[in-house]
Amino acid sequence: MKRWILLAACFCSANVAAQAISYRSNDPFVFCTYGQLNPAKCWWPISAASGMIFEDPTCDPPNAPYGRPWTPDDYASKAEWFAICTGVGQGGWKGMGTGEQAPFMH
């Protein structure tokens, strides 16, 4: 009986940690809508609900000799976007501006 109590206590006391976003000041709405802040980024989100992105054709695909290379932030933010944002159906921004300005530019 004591094992069941211990097991139940361990199971019920586990913490669920949310995944932090490394970009856009940890704002999931802005990150999932606009991607990283860098204006020279190599990808842009099209639809988080369908998991579609646009990859800039002027950037190198992996192992190609033309275009500008992808930065480590391009690779990391794309992987983070697919891990966090895909399948998320979010509505449009209802506040002032585009959402990137509230409560500060990020």
# chains A, B, ... in the order shown; residues from 1 in each chain; ligands from 1
>>> residues_around(residues="A:Gly67", least_positions_apart="3", cutoff="9 Å", atoms="only C-alpha atoms", output="mmCIF file with C-alpha atoms, in the first residue's frame")
data_model
loop_
_atom_site.group_PDB
_atom_site.id
_atom_site.type_symbol
_atom_site.label_atom_id
_atom_site.label_comp_id
_atom_site.auth_asym_id
_atom_site.auth_seq_id
_atom_site.Cartn_x
_atom_site.Cartn_y
_atom_site.Cartn_z
ATOM 1 C CA PRO A 57 15.405 31.422 -52.709
ATOM 2 C CA THR A 58 18.339 33.870 -52.388
ATOM 3 C CA CYS A 59 19.594 31.856 -49.402
ATOM 4 C CA ASP A 60 21.645 28.708 -49.827
ATOM 5 C CA PRO A 61 19.838 25.463 -49.538
ATOM 6 C CA ALA A 64 24.615 24.583 -52.427
#
>>> residues_around(residues="A:Ile84", least_positions_apart="3", cutoff="9 Å", atoms="only C-alpha atoms", output="ChimeraX atom specification")
/A:19,21,28,32,79-81,87-88
>>> write_last_selection(atoms="N, CA, C and O atoms", output="PDB file, in the first residue's frame")
ATOM      1  N   GLN A  19       7.863  25.191 -22.921  1.00  0.00           N
ATOM      2  CA  GLN A  19       9.063  25.404 -23.712  1.00  0.00           C
ATOM      3  C   GLN A  19       9.222  26.893 -23.972  1.00  0.00           C
ATOM      4  O   GLN A  19       8.307  27.546 -24.463  1.00  0.00           O
ATOM      5  N   ILE A  21      10.664  30.252 -25.809  1.00  0.00           N
ATOM      6  CA  ILE A  21      11.001  30.638 -27.175  1.00  0.00           C
ATOM      7  C   ILE A  21      12.219  31.550 -27.113  1.00  0.00           C
ATOM      8  O   ILE A  21      12.242  32.504 -26.343  1.00  0.00           O
ATOM      9  N   PRO A  28       4.969  33.989 -28.092  1.00  0.00           N
ATOM     10  CA  PRO A  28       4.612  32.981 -29.088  1.00  0.00           C
ATOM     11  C   PRO A  28       3.737  33.511 -30.221  1.00  0.00           C
ATOM     12  O   PRO A  28       3.862  33.061 -31.354  1.00  0.00           O
ATOM     13  N   CYS A  32       5.267  33.031 -33.852  1.00  0.00           N
ATOM     14  CA  CYS A  32       4.557  32.121 -34.746  1.00  0.00           C
ATOM     15  C   CYS A  32       3.971  32.848 -35.950  1.00  0.00           C
ATOM     16  O   CYS A  32       3.785  32.250 -37.010  1.00  0.00           O
ATOM     17  N   ALA A  79      13.718  25.420 -36.648  1.00  0.00           N
ATOM     18  CA  ALA A  79      13.454  24.209 -35.865  1.00  0.00           C
ATOM     19  C   ALA A  79      12.535  24.517 -34.683  1.00  0.00           C
ATOM     20  O   ALA A  79      11.609  23.754 -34.386  1.00  0.00           O
ATOM     21  N   GLU A  80      12.772  25.653 -34.037  1.00  0.00           N
ATOM     22  CA  GLU A  80      11.929  26.049 -32.911  1.00  0.00           C
ATOM     23  C   GLU A  80      10.507  26.357 -33.374  1.00  0.00           C
ATOM     24  O   GLU A  80       9.534  26.018 -32.705  1.00  0.00           O
ATOM     25  N   TRP A  81      10.373  26.993 -34.529  1.00  0.00           N
ATOM     26  CA  TRP A  81       9.042  27.302 -35.061  1.00  0.00           C
ATOM     27  C   TRP A  81       8.266  26.019 -35.327  1.00  0.00           C
ATOM     28  O   TRP A  81       7.105  25.905 -34.963  1.00  0.00           O
ATOM     29  N   GLY A  87       0.474  23.538 -36.253  1.00  0.00           N
ATOM     30  CA  GLY A  87      -0.809  23.032 -35.801  1.00  0.00           C
ATOM     31  C   GLY A  87      -1.573  23.982 -34.908  1.00  0.00           C
ATOM     32  O   GLY A  87      -2.645  23.665 -34.435  1.00  0.00           O
ATOM     33  N   VAL A  88      -1.021  25.172 -34.675  1.00  0.00           N
ATOM     34  CA  VAL A  88      -1.667  26.147 -33.798  1.00  0.00           C
ATOM     35  C   VAL A  88      -2.549  27.055 -34.636  1.00  0.00           C
ATOM     36  O   VAL A  88      -2.069  27.778 -35.492  1.00  0.00           O
TER      37      VAL A  88
END
>>> residues_around(residues="A:Tyr23", least_positions_apart="3", cutoff="7 Å", atoms="only C-alpha atoms", output="PyMOL selection string")
chain A and resi 26+31+36
>>> select_by_dssp(residues="stretch 32-80 of chain A", states="strand (DSSP E)", output="list in words")
Trp43, Trp44, Pro45, Ile46, Ser47, Met52, Ile53, Phe54 and Glu55 of chain A
>>> atom_distance(atom1="atom CA of A:Asp73", atom2="atom CA of A:Pro45")
14.8 Å
>>> atom_distance(atom1="atom CA of A:Ile53", atom2="atom CA of A:Asp27")
18.6 Å
>>> residues_around(residues="A:Trp44", least_positions_apart="5", cutoff="12 Å", atoms="only C-alpha atoms", output="PyMOL selection string")
chain A and resi 31-39+51-57+74+77-78+81-82
>>> atom_distance(atom1="atom CA of A:Phe29", atom2="atom CA of A:Arg68")
28.3 Å
>>> closest_residue(among="A:Cys42, A:Val30, A:Ala48, A:Arg24", to="A:Thr86", atoms="only C-alpha atoms")
A:Ala48
